[in-house]
Amino acid sequence: MIPFLDLKKVNLRHQQAFESNLRDILEKGWFILGSKVEEFEKAFALYCGTRHCIGVANGLDALILIFEAYKELGLIKAGDEILVPANTYIASILAISKAGLVPVLVEPEETTCLIDPLLIEKSITSKTKAILPVHLYGQLCEMDAINSIAQQHNLLVVEDSAQSHGAIYKGKRSGSLGNASGFSFYPGKNLGALGDGGAITTNDDALANTIKALRNYGSHKKYENLFQGVNSRLDELQAAFLLEKLSMLDDDNKVRQQIAARYLKEITNPKVVLPTVNDPDQHVWHLFTVRTENRDAFQDYLTKNNVQTVIHYPIPPHKQKAYQNYWIGKSFPLSEKIHRNIISLPISPVITNMEVEQVIEIVNSY
Ligand SMILES: *Cc1c(COP(=O)(O)O)cnc(C)c1O
């Protein structure tokens with residue numbers, strides 16, 4: 001079987017460095033919010049081109065904490081509306097509702113599956129306070145258009161960069177393209193930990209300071225609590241692993257881009273619709289998604305031919321039971337169509353040329 005993503009192989013490349021970091025941390029005896037977390041935060045801020053990076057427990061918390069911090073700073077209040085793509089991983093939407101805000105779904109552009117700037121403008125009301133563009137599958141949204149709408153309407157822009165570590169938009173990295181950004185270091189992401197992890201990047205000093213307190217019980221100083229915070233911290237061990245892997249992120253993304261370029265050129269089956277790329281730098285190919293009618297038959301065919309695939313995602317958020325009382329009577333036909341037809345082919349920094357060739361051949365013979 002050609003695996004969809006061989007995480008064991010991805011991480012065994014760093015085995016020695018991981019083991020020596022584990023020994024160092026065992027000997028030091030400091031496990032949470034220590035020097036490794038600080039070192040990683042500095043390195044990741046530098047990498048993204050932002051003044052601040054704050055490590056947290058996971059990507060969902062990263063997004064929630066951004067919204068909670070804006071509430072503490074008085075820029076957003078409970079019940080305000082946040083614009084978010086209708087086709088995203090549910091975490092983007094959960095972050096909004098968990099922070100006591102109202103997710104307003106916006107349909108994507110059919111070609112890129114990214115939030116449609118024209119429809120953003122149509123969804124703005126007097127309650128809209130922010131836009132949450134999701135750089136889905138690793139491709140950056142149209143940030144110039146989104147930022148100019150935000151400026152005109154005095155809205156905040158919070159990037160969901162959980163799938164786009166390292167992608168570059170006109171010289172600037174994902175994470176530096178709005179007012180703040182949430183990252184996930186879930187093991188399968190382009191920069192993945194050996195467990196859960198996340199981070200926020202921003203150039204906003206007040207926001208960064210507030211989030212630093214919120215992630216640690218609302219406390220800047222031990223046993224003094226300014227806010228009703230949470231416990232959402234990055235482990236020293238995960239920070240050490242992430243620092244090791246950060247040095248390889250650009251190379252890994254380059255390999256993903258090379259594989260994607262081959263798929264785009266060599267998959268020629270007219271039954272398979274290839275993804276649309278705005279600009280090669282803007283896509284780091286967290287996922288290589290194609291679309292086809294009779295998606296389930298296509299997936300069965302690939303499985304029978306030893307190509308493992310995954311569907312991102314089978315059910316759109318507005319059809320989930322968790323949100324059955326939201327968006328009643330509204331329909332999001334483009335998102336539904338994407339969810340019906342989409343399927344992800346194997347892509348990773350450790351897939352071999354031979355495996356890529358086999359995938360191409362098998363897809364073309366369908
Ligand atoms: C993975 C992901 C998240 C959530 O990250 P976790 O670390 O799993 O909490 C949020 N948004 C998107 C688009 C994601 O893909």
# chains A, B, ... in the order shown; residues from 1 in each chain; ligands from 1
$ select_by_dssp --residues "stretch 57-162 of chain A" --states "helix (DSSP H, G or I)" --output "PyMOL selection string"
chain A and resi 59-72+90-98+117-123+136-138+143-153
$ write_last_selection --atoms "N, CA and C atoms" --output "compact mmCIF listing (two decimals), in the first residue's frame"
# COMPACT_ATOMS: atom_id res chain seq x y z
N GLY A 59 -3.91 23.88 17.84
CA GLY A 59 -4.33 24.89 16.89
C GLY A 59 -5.70 25.48 17.21
N LEU A 60 -6.61 24.65 17.71
CA LEU A 60 -7.93 25.17 18.08
C LEU A 60 -7.79 26.22 19.18
N ASP A 61 -7.00 25.92 20.21
CA ASP A 61 -6.78 26.90 21.28
C ASP A 61 -6.12 28.17 20.75
N ALA A 62 -5.21 28.02 19.79
CA ALA A 62 -4.53 29.21 19.24
C ALA A 62 -5.58 30.19 18.71
N LEU A 63 -6.55 29.66 17.94
CA LEU A 63 -7.59 30.53 17.37
C LEU A 63 -8.53 31.06 18.45
N ILE A 64 -8.93 30.19 19.39
CA ILE A 64 -9.82 30.64 20.46
C ILE A 64 -9.16 31.77 21.26
N LEU A 65 -7.87 31.58 21.58
CA LEU A 65 -7.17 32.56 22.42
C LEU A 65 -7.02 33.91 21.72
N ILE A 66 -6.88 33.90 20.40
CA ILE A 66 -6.83 35.18 19.67
C ILE A 66 -8.15 35.93 19.89
N PHE A 67 -9.28 35.22 19.70
CA PHE A 67 -10.58 35.89 19.87
C PHE A 67 -10.82 36.29 21.32
N GLU A 68 -10.43 35.42 22.26
CA GLU A 68 -10.61 35.76 23.69
C GLU A 68 -9.78 37.00 24.04
N ALA A 69 -8.58 37.08 23.49
CA ALA A 69 -7.71 38.24 23.79
C ALA A 69 -8.31 39.52 23.20
N TYR A 70 -8.85 39.43 21.99
CA TYR A 70 -9.51 40.63 21.42
C TYR A 70 -10.70 41.05 22.28
N LYS A 71 -11.37 40.07 22.89
CA LYS A 71 -12.48 40.42 23.79
C LYS A 71 -11.95 41.14 25.03
N GLU A 72 -10.87 40.61 25.61
CA GLU A 72 -10.29 41.27 26.79
C GLU A 72 -9.81 42.68 26.45
N ILE A 90 -13.67 21.82 10.78
CA ILE A 90 -14.62 22.38 11.76
C ILE A 90 -13.96 23.21 12.86
N ALA A 91 -12.66 23.00 13.10
CA ALA A 91 -11.96 23.75 14.17
C ALA A 91 -12.04 25.26 13.94
N SER A 92 -11.98 25.70 12.69
CA SER A 92 -12.05 27.15 12.41
C SER A 92 -13.35 27.71 12.97
N ILE A 93 -14.43 26.98 12.78
CA ILE A 93 -15.76 27.44 13.19
C ILE A 93 -15.96 27.27 14.70
N LEU A 94 -15.46 26.15 15.22
CA LEU A 94 -15.53 25.93 16.68
C LEU A 94 -14.83 27.06 17.43
N ALA A 95 -13.71 27.54 16.90
CA ALA A 95 -12.96 28.60 17.60
C ALA A 95 -13.84 29.83 17.78
N ILE A 96 -14.65 30.13 16.77
CA ILE A 96 -15.51 31.31 16.82
C ILE A 96 -16.64 31.09 17.84
N SER A 97 -17.32 29.95 17.73
CA SER A 97 -18.46 29.76 18.63
C SER A 97 -18.00 29.53 20.07
N LYS A 98 -16.86 28.85 20.26
CA LYS A 98 -16.33 28.64 21.62
C LYS A 98 -15.96 29.95 22.30
N PRO A 117 -13.52 36.60 -1.82
CA PRO A 117 -13.54 37.99 -1.34
C PRO A 117 -14.82 38.75 -1.72
N LEU A 118 -15.37 38.48 -2.91
CA LEU A 118 -16.59 39.19 -3.32
C LEU A 118 -17.74 38.87 -2.38
N LEU A 119 -17.80 37.61 -1.94
CA LEU A 119 -18.90 37.20 -1.05
C LEU A 119 -18.64 37.66 0.38
N ILE A 120 -17.38 37.87 0.74
CA ILE A 120 -17.08 38.44 2.07
C ILE A 120 -17.78 39.78 2.18
N GLU A 121 -17.56 40.61 1.16
CA GLU A 121 -18.12 41.97 1.18
C GLU A 121 -19.64 41.93 1.36
N LYS A 122 -20.29 40.98 0.69
CA LYS A 122 -21.76 40.89 0.77
C LYS A 122 -22.25 40.40 2.13
N SER A 123 -21.37 39.78 2.92
CA SER A 123 -21.80 39.19 4.19
C SER A 123 -21.58 40.12 5.38
N LEU A 136 -6.73 26.95 3.16
CA LEU A 136 -7.10 25.53 3.10
C LEU A 136 -6.19 24.74 2.17
N TYR A 137 -5.87 23.54 2.60
CA TYR A 137 -5.00 22.59 1.86
C TYR A 137 -3.57 23.10 1.72
N GLY A 138 -3.25 24.27 2.30
CA GLY A 138 -1.89 24.82 2.21
C GLY A 138 -1.76 26.00 1.28
N MET A 143 -5.07 37.53 -0.01
CA MET A 143 -4.93 38.39 1.15
C MET A 143 -4.99 39.88 0.82
N ASP A 144 -4.54 40.29 -0.36
CA ASP A 144 -4.63 41.72 -0.72
C ASP A 144 -6.10 42.15 -0.73
N ALA A 145 -6.92 41.35 -1.40
CA ALA A 145 -8.35 41.68 -1.48
C ALA A 145 -8.99 41.64 -0.09
N ILE A 146 -8.63 40.62 0.69
CA ILE A 146 -9.24 40.46 2.02
C ILE A 146 -8.82 41.61 2.94
N ASN A 147 -7.53 41.96 2.92
CA ASN A 147 -7.05 43.05 3.79
C ASN A 147 -7.64 44.40 3.37
N SER A 148 -7.88 44.57 2.07
CA SER A 148 -8.43 45.87 1.66
C SER A 148 -9.90 45.98 2.07
N ILE A 149 -10.64 44.87 2.01
CA ILE A 149 -12.03 44.89 2.52
C ILE A 149 -12.02 45.16 4.02
N ALA A 150 -11.10 44.50 4.73
CA ALA A 150 -11.01 44.67 6.19
C ALA A 150 -10.73 46.13 6.53
N GLN A 151 -9.83 46.74 5.78
CA GLN A 151 -9.48 48.14 6.05
C GLN A 151 -10.68 49.05 5.84
N GLN A 152 -11.38 48.83 4.71
CA GLN A 152 -12.54 49.67 4.40
C GLN A 152 -13.62 49.58 5.47
N HIS A 153 -13.78 48.39 6.04
CA HIS A 153 -14.89 48.18 6.98
C HIS A 153 -14.42 48.08 8.42
$ residues_near_ligand --ligand "ligand 1" --cutoff "7 Å" --atoms "only C-alpha atoms and all ligand atoms" --output "list in words"
Asn58, Gly59, Leu60, Asp61, Thr88, Tyr89, Ala91, Ser92, Val134, Leu136, Asp160, Ser161, Ala162, Gln163, Ser184, Phe185, Tyr186, Asp196, Gly197 and Gly198 of chain A
$ residues_around --residues "A:Leu83" --least-positions-apart "4" --cutoff "10 Å" --atoms "only C-alpha atoms" --output "list of chain:residue names"
A:Ile93, A:Ile96, A:Val102, A:Pro103, A:Val104, A:Leu105, A:Val106, A:Ile115, A:Ile120, A:Glu121, A:Ser123, A:Ile124, A:Thr128, A:Lys129, A:Ala130, A:Ile131, A:Leu132, A:Pro133, A:Val157
$ write_last_selection --atoms "C-alpha atoms" --output "mmCIF file, in the first residue's frame"
data_model
loop_
_atom_site.group_PDB
_atom_site.id
_atom_site.type_symbol
_atom_site.label_atom_id
_atom_site.label_comp_id
_atom_site.auth_asym_id
_atom_site.auth_seq_id
_atom_site.Cartn_x
_atom_site.Cartn_y
_atom_site.Cartn_z
ATOM 1 C CA ILE A 93 -15.756 27.440 13.189
ATOM 2 C CA ILE A 96 -15.510 31.308 16.822
ATOM 3 C CA VAL A 102 -21.170 34.133 15.803
ATOM 4 C CA PRO A 103 -19.684 32.288 12.811
ATOM 5 C CA VAL A 104 -21.058 33.655 9.530
ATOM 6 C CA LEU A 105 -20.360 31.248 6.685
ATOM 7 C CA VAL A 106 -19.071 32.526 3.362
ATOM 8 C CA ILE A 115 -13.003 32.020 0.745
ATOM 9 C CA ILE A 120 -17.076 38.440 2.071
ATOM 10 C CA GLU A 121 -18.117 41.968 1.182
ATOM 11 C CA SER A 123 -21.804 39.191 4.192
ATOM 12 C CA ILE A 124 -20.685 42.211 6.237
ATOM 13 C CA THR A 128 -19.109 41.983 11.756
ATOM 14 C CA LYS A 129 -15.806 42.409 13.567
ATOM 15 C CA ALA A 130 -13.341 40.063 11.891
ATOM 16 C CA ILE A 131 -12.569 37.837 8.919
ATOM 17 C CA LEU A 132 -11.036 34.397 9.493
ATOM 18 C CA PRO A 133 -9.521 33.355 6.148
ATOM 19 C CA VAL A 157 -8.093 39.715 9.953
#
$ residues_around --residues "A:Asp250" --least-positions-apart "4" --cutoff "10 Å" --atoms "only C-alpha atoms" --output "VMD selection string"
chain A and resid 165 to 167 190 to 191 245 to 246 254 to 256 284
$ residues_around --residues "A:Asp204" --least-positions-apart "6" --cutoff "12 Å" --atoms "only C-alpha atoms" --output "PyMOL selection string"
chain A and resi 50-54+66+69-70+73+156+176+178-181+210-211
$ write_last_selection --atoms "N, CA, C and O atoms" --output "PDB file, in the first residue's frame"
ATOM      1  N   THR A  50       7.223  37.889  12.107  1.00  0.00           N
ATOM      2  CA  THR A  50       6.370  38.648  13.029  1.00  0.00           C
ATOM      3  C   THR A  50       7.164  38.989  14.289  1.00  0.00           C
ATOM      4  O   THR A  50       8.188  38.374  14.572  1.00  0.00           O
ATOM      5  N   ARG A  51       6.683  39.964  15.034  1.00  0.00           N
ATOM      6  CA  ARG A  51       7.360  40.362  16.283  1.00  0.00           C
ATOM      7  C   ARG A  51       7.161  39.318  17.382  1.00  0.00           C
ATOM      8  O   ARG A  51       8.008  39.168  18.250  1.00  0.00           O
ATOM      9  N   HIS A  52       6.028  38.622  17.343  1.00  0.00           N
ATOM     10  CA  HIS A  52       5.709  37.708  18.442  1.00  0.00           C
ATOM     11  C   HIS A  52       5.272  36.333  17.939  1.00  0.00           C
ATOM     12  O   HIS A  52       4.627  36.229  16.899  1.00  0.00           O
ATOM     13  N   CYS A  53       5.609  35.322  18.739  1.00  0.00           N
ATOM     14  CA  CYS A  53       5.013  33.994  18.604  1.00  0.00           C
ATOM     15  C   CYS A  53       4.740  33.521  20.021  1.00  0.00           C
ATOM     16  O   CYS A  53       5.596  33.669  20.900  1.00  0.00           O
ATOM     17  N   ILE A  54       3.558  32.975  20.237  1.00  0.00           N
ATOM     18  CA  ILE A  54       3.199  32.452  21.558  1.00  0.00           C
ATOM     19  C   ILE A  54       2.804  30.985  21.373  1.00  0.00           C
ATOM     20  O   ILE A  54       1.842  30.676  20.664  1.00  0.00           O
ATOM     21  N   ILE A  66      -6.882  33.899  20.401  1.00  0.00           N
ATOM     22  CA  ILE A  66      -6.834  35.177  19.673  1.00  0.00           C
ATOM     23  C   ILE A  66      -8.150  35.933  19.892  1.00  0.00           C
ATOM     24  O   ILE A  66      -8.164  37.115  20.253  1.00  0.00           O
ATOM     25  N   ALA A  69      -8.577  37.083  23.488  1.00  0.00           N
ATOM     26  CA  ALA A  69      -7.715  38.235  23.792  1.00  0.00           C
ATOM     27  C   ALA A  69      -8.311  39.519  23.205  1.00  0.00           C
ATOM     28  O   ALA A  69      -8.302  40.569  23.865  1.00  0.00           O
ATOM     29  N   TYR A  70      -8.849  39.432  21.987  1.00  0.00           N
ATOM     30  CA  TYR A  70      -9.507  40.626  21.423  1.00  0.00           C
ATOM     31  C   TYR A  70     -10.698  41.047  22.276  1.00  0.00           C
ATOM     32  O   TYR A  70     -11.002  42.236  22.386  1.00  0.00           O
ATOM     33  N   LEU A  73      -9.328  42.864  25.234  1.00  0.00           N
ATOM     34  CA  LEU A  73      -8.823  44.184  24.822  1.00  0.00           C
ATOM     35  C   LEU A  73      -9.949  45.132  24.402  1.00  0.00           C
ATOM     36  O   LEU A  73      -9.700  46.289  24.066  1.00  0.00           O
ATOM     37  N   LEU A 156     -10.944  43.164  11.772  1.00  0.00           N
ATOM     38  CA  LEU A 156      -9.693  42.455  12.043  1.00  0.00           C
ATOM     39  C   LEU A 156      -9.574  41.275  11.076  1.00  0.00           C
ATOM     40  O   LEU A 156     -10.584  40.728  10.626  1.00  0.00           O
ATOM     41  N   SER A 176       1.928  36.197   8.870  1.00  0.00           N
ATOM     42  CA  SER A 176       2.263  37.631   8.937  1.00  0.00           C
ATOM     43  C   SER A 176       1.359  38.437   8.000  1.00  0.00           C
ATOM     44  O   SER A 176       1.646  39.572   7.684  1.00  0.00           O
ATOM     45  N   GLY A 178      -2.035  39.060   8.338  1.00  0.00           N
ATOM     46  CA  GLY A 178      -3.227  39.693   8.905  1.00  0.00           C
ATOM     47  C   GLY A 178      -2.860  40.318  10.243  1.00  0.00           C
ATOM     48  O   GLY A 178      -1.694  40.621  10.493  1.00  0.00           O
ATOM     49  N   ASN A 179      -3.858  40.493  11.126  1.00  0.00           N
ATOM     50  CA  ASN A 179      -3.572  41.048  12.452  1.00  0.00           C
ATOM     51  C   ASN A 179      -3.003  39.998  13.400  1.00  0.00           C
ATOM     52  O   ASN A 179      -2.249  40.315  14.316  1.00  0.00           O
ATOM     53  N   ALA A 180      -3.390  38.748  13.190  1.00  0.00           N
ATOM     54  CA  ALA A 180      -2.896  37.651  14.026  1.00  0.00           C
ATOM     55  C   ALA A 180      -3.164  36.354  13.278  1.00  0.00           C
ATOM     56  O   ALA A 180      -3.978  36.332  12.346  1.00  0.00           O
ATOM     57  N   SER A 181      -2.471  35.301  13.694  1.00  0.00           N
ATOM     58  CA  SER A 181      -2.642  34.027  12.999  1.00  0.00           C
ATOM     59  C   SER A 181      -2.544  32.871  13.982  1.00  0.00           C
ATOM     60  O   SER A 181      -1.744  32.903  14.915  1.00  0.00           O
ATOM     61  N   THR A 210      -1.543  39.820  26.089  1.00  0.00           N
ATOM     62  CA  THR A 210      -2.806  39.290  26.623  1.00  0.00           C
ATOM     63  C   THR A 210      -2.870  37.779  26.427  1.00  0.00           C
ATOM     64  O   THR A 210      -3.258  37.040  27.334  1.00  0.00           O
ATOM     65  N   ILE A 211      -2.463  37.308  25.240  1.00  0.00           N
ATOM     66  CA  ILE A 211      -2.509  35.866  24.975  1.00  0.00           C
ATOM     67  C   ILE A 211      -1.519  35.127  25.883  1.00  0.00           C
ATOM     68  O   ILE A 211      -1.821  34.036  26.389  1.00  0.00           O
TER      69      ILE A 211
END
$ residues_around --residues "A:Glu266" --least-positions-apart "6" --cutoff "10 Å" --atoms "only C-alpha atoms" --output "PDB file with N, CA, C and O atoms, in the first residue's frame"
ATOM      1  N   ALA A 260       3.688  18.010  -6.178  1.00  0.00           N
ATOM      2  CA  ALA A 260       2.445  18.607  -6.692  1.00  0.00           C
ATOM      3  C   ALA A 260       2.617  18.994  -8.158  1.00  0.00           C
ATOM      4  O   ALA A 260       1.715  18.774  -8.975  1.00  0.00           O
ATOM      5  N   GLU A 357       5.136   8.064  -9.114  1.00  0.00           N
ATOM      6  CA  GLU A 357       4.871   7.558 -10.462  1.00  0.00           C
ATOM      7  C   GLU A 357       3.725   6.543 -10.468  1.00  0.00           C
ATOM      8  O   GLU A 357       2.870   6.562 -11.350  1.00  0.00           O
ATOM      9  N   ILE A 360       0.377   8.314 -10.123  1.00  0.00           N
ATOM     10  CA  ILE A 360       0.006   8.953 -11.394  1.00  0.00           C
ATOM     11  C   ILE A 360      -0.548   7.909 -12.373  1.00  0.00           C
ATOM     12  O   ILE A 360      -1.608   8.096 -12.980  1.00  0.00           O
ATOM     13  N   GLU A 361       0.181   6.794 -12.467  1.00  0.00           N
ATOM     14  CA  GLU A 361      -0.230   5.745 -13.405  1.00  0.00           C
ATOM     15  C   GLU A 361      -1.605   5.183 -13.049  1.00  0.00           C
ATOM     16  O   GLU A 361      -2.461   4.995 -13.925  1.00  0.00           O
ATOM     17  N   VAL A 363      -3.994   6.587 -11.203  1.00  0.00           N
ATOM     18  CA  VAL A 363      -5.049   7.584 -11.394  1.00  0.00           C
ATOM     19  C   VAL A 363      -5.376   7.715 -12.889  1.00  0.00           C
ATOM     20  O   VAL A 363      -6.550   7.785 -13.266  1.00  0.00           O
ATOM     21  N   ASN A 364      -4.342   7.715 -13.732  1.00  0.00           N
ATOM     22  CA  ASN A 364      -4.587   7.863 -15.170  1.00  0.00           C
ATOM     23  C   ASN A 364      -5.305   6.655 -15.772  1.00  0.00           C
ATOM     24  O   ASN A 364      -5.980   6.786 -16.787  1.00  0.00           O
TER      25      ASN A 364
END
$ closest_residue --among "A:Thr201, A:Thr125, A:Gln257, A:Ser344" --to "A:Leu5" --atoms "only C-alpha atoms"
A:Ser344
$ closest_residue --among "A:Leu155, A:Ala78, A:Leu234, A:Lys28" --to "A:Gly55" --atoms "only C-alpha atoms"
A:Leu234
$ closest_residue --among "A:Asn341, A:Gln320, A:Gln228, A:Asn203" --to "A:Glu293" --atoms "only C-alpha atoms"
A:Asn341
$ residues_around --residues "A:Leu12" --least-positions-apart "6" --cutoff "12 Å" --atoms "only C-alpha atoms" --output "list in words"
Asp6, Phe18, Glu19, Leu194, Phe241, Lys245 and Val350 of chain A
$ write_last_selection --atoms "N, CA and C atoms" --output "PDB file, in the first residue's frame"
ATOM      1  N   ASP A   6       3.226   8.811   5.674  1.00  0.00           N
ATOM      2  CA  ASP A   6       3.993   7.910   6.537  1.00  0.00           C
ATOM      3  C   ASP A   6       4.673   8.729   7.641  1.00  0.00           C
ATOM      4  N   PHE A  18      16.009  14.101  18.258  1.00  0.00           N
ATOM      5  CA  PHE A  18      14.905  13.976  19.215  1.00  0.00           C
ATOM      6  C   PHE A  18      15.400  13.319  20.502  1.00  0.00           C
ATOM      7  N   GLU A  19      16.188  12.248  20.351  1.00  0.00           N
ATOM      8  CA  GLU A  19      16.656  11.525  21.545  1.00  0.00           C
ATOM      9  C   GLU A  19      17.590  12.394  22.388  1.00  0.00           C
ATOM     10  N   LEU A 194       5.304  15.801  18.004  1.00  0.00           N
ATOM     11  CA  LEU A 194       5.067  14.385  18.309  1.00  0.00           C
ATOM     12  C   LEU A 194       3.927  14.291  19.320  1.00  0.00           C
ATOM     13  N   PHE A 241      11.294  19.415  19.812  1.00  0.00           N
ATOM     14  CA  PHE A 241      11.080  18.646  18.577  1.00  0.00           C
ATOM     15  C   PHE A 241      10.752  19.599  17.417  1.00  0.00           C
ATOM     16  N   LYS A 245      12.517  20.315  13.698  1.00  0.00           N
ATOM     17  CA  LYS A 245      11.814  20.141  12.423  1.00  0.00           C
ATOM     18  C   LYS A 245      11.670  21.450  11.648  1.00  0.00           C
ATOM     19  N   VAL A 350       8.304  12.517   2.390  1.00  0.00           N
ATOM     20  CA  VAL A 350       9.029  11.242   2.365  1.00  0.00           C
ATOM     21  C   VAL A 350       8.487  10.243   1.338  1.00  0.00           C
TER      22      VAL A 350
END
$ decode --residues "stretch 244-257 of chain A" --atoms "N, CA, C and O atoms" --output "CSV table (one decimal), in the first residue's frame"
chain,number,residue,atom,x,y,z
A,244,GLU,N,13.8,21.4,16.0
A,244,GLU,CA,14.5,20.5,15.0
A,244,GLU,C,13.8,20.5,13.7
A,244,GLU,O,14.5,20.6,12.7
A,245,LYS,N,12.5,20.3,13.7
A,245,LYS,CA,11.8,20.1,12.4
A,245,LYS,C,11.7,21.5,11.6
A,245,LYS,O,11.6,21.4,10.4
A,246,LEU,N,11.7,22.6,12.4
A,246,LEU,CA,11.5,23.9,11.7
A,246,LEU,C,12.7,24.1,10.7
A,246,LEU,O,12.5,24.7,9.6
A,247,SER,N,13.9,23.6,11.1
A,247,SER,CA,15.1,23.8,10.2
A,247,SER,C,14.9,23.0,8.9
A,247,SER,O,15.6,23.3,7.9
A,248,MET,N,14.0,22.1,8.8
A,248,MET,CA,13.8,21.3,7.6
A,248,MET,C,12.5,21.7,6.9
A,248,MET,O,12.2,21.1,5.8
A,249,LEU,N,11.7,22.6,7.4
A,249,LEU,CA,10.4,22.9,6.9
A,249,LEU,C,10.4,23.4,5.4
A,249,LEU,O,9.7,22.9,4.6
A,250,ASP,N,11.3,24.3,5.1
A,250,ASP,CA,11.4,24.9,3.8
A,250,ASP,C,11.8,23.7,2.8
A,250,ASP,O,11.2,23.7,1.7
A,251,ASP,N,12.7,22.9,3.1
A,251,ASP,CA,13.1,21.8,2.2
A,251,ASP,C,11.9,20.8,2.1
A,251,ASP,O,11.6,20.4,0.9
A,252,ASP,N,11.2,20.5,3.1
A,252,ASP,CA,10.1,19.6,3.1
A,252,ASP,C,9.0,20.2,2.2
A,252,ASP,O,8.4,19.5,1.3
A,253,ASN,N,8.7,21.5,2.3
A,253,ASN,CA,7.7,22.2,1.5
A,253,ASN,C,8.1,22.2,0.0
A,253,ASN,O,7.3,22.0,-0.9
A,254,LYS,N,9.4,22.3,-0.2
A,254,LYS,CA,9.9,22.3,-1.6
A,254,LYS,C,9.6,20.9,-2.2
A,254,LYS,O,9.2,20.8,-3.4
A,255,VAL,N,9.9,19.9,-1.5
A,255,VAL,CA,9.6,18.5,-2.0
A,255,VAL,C,8.1,18.4,-2.3
A,255,VAL,O,7.7,17.9,-3.3
A,256,ARG,N,7.2,18.9,-1.3
A,256,ARG,CA,5.8,18.8,-1.6
A,256,ARG,C,5.4,19.6,-2.9
A,256,ARG,O,4.6,19.1,-3.7
A,257,GLN,N,6.1,20.7,-3.1
A,257,GLN,CA,5.8,21.5,-4.3
A,257,GLN,C,6.2,20.8,-5.6
A,257,GLN,O,5.6,20.8,-6.6
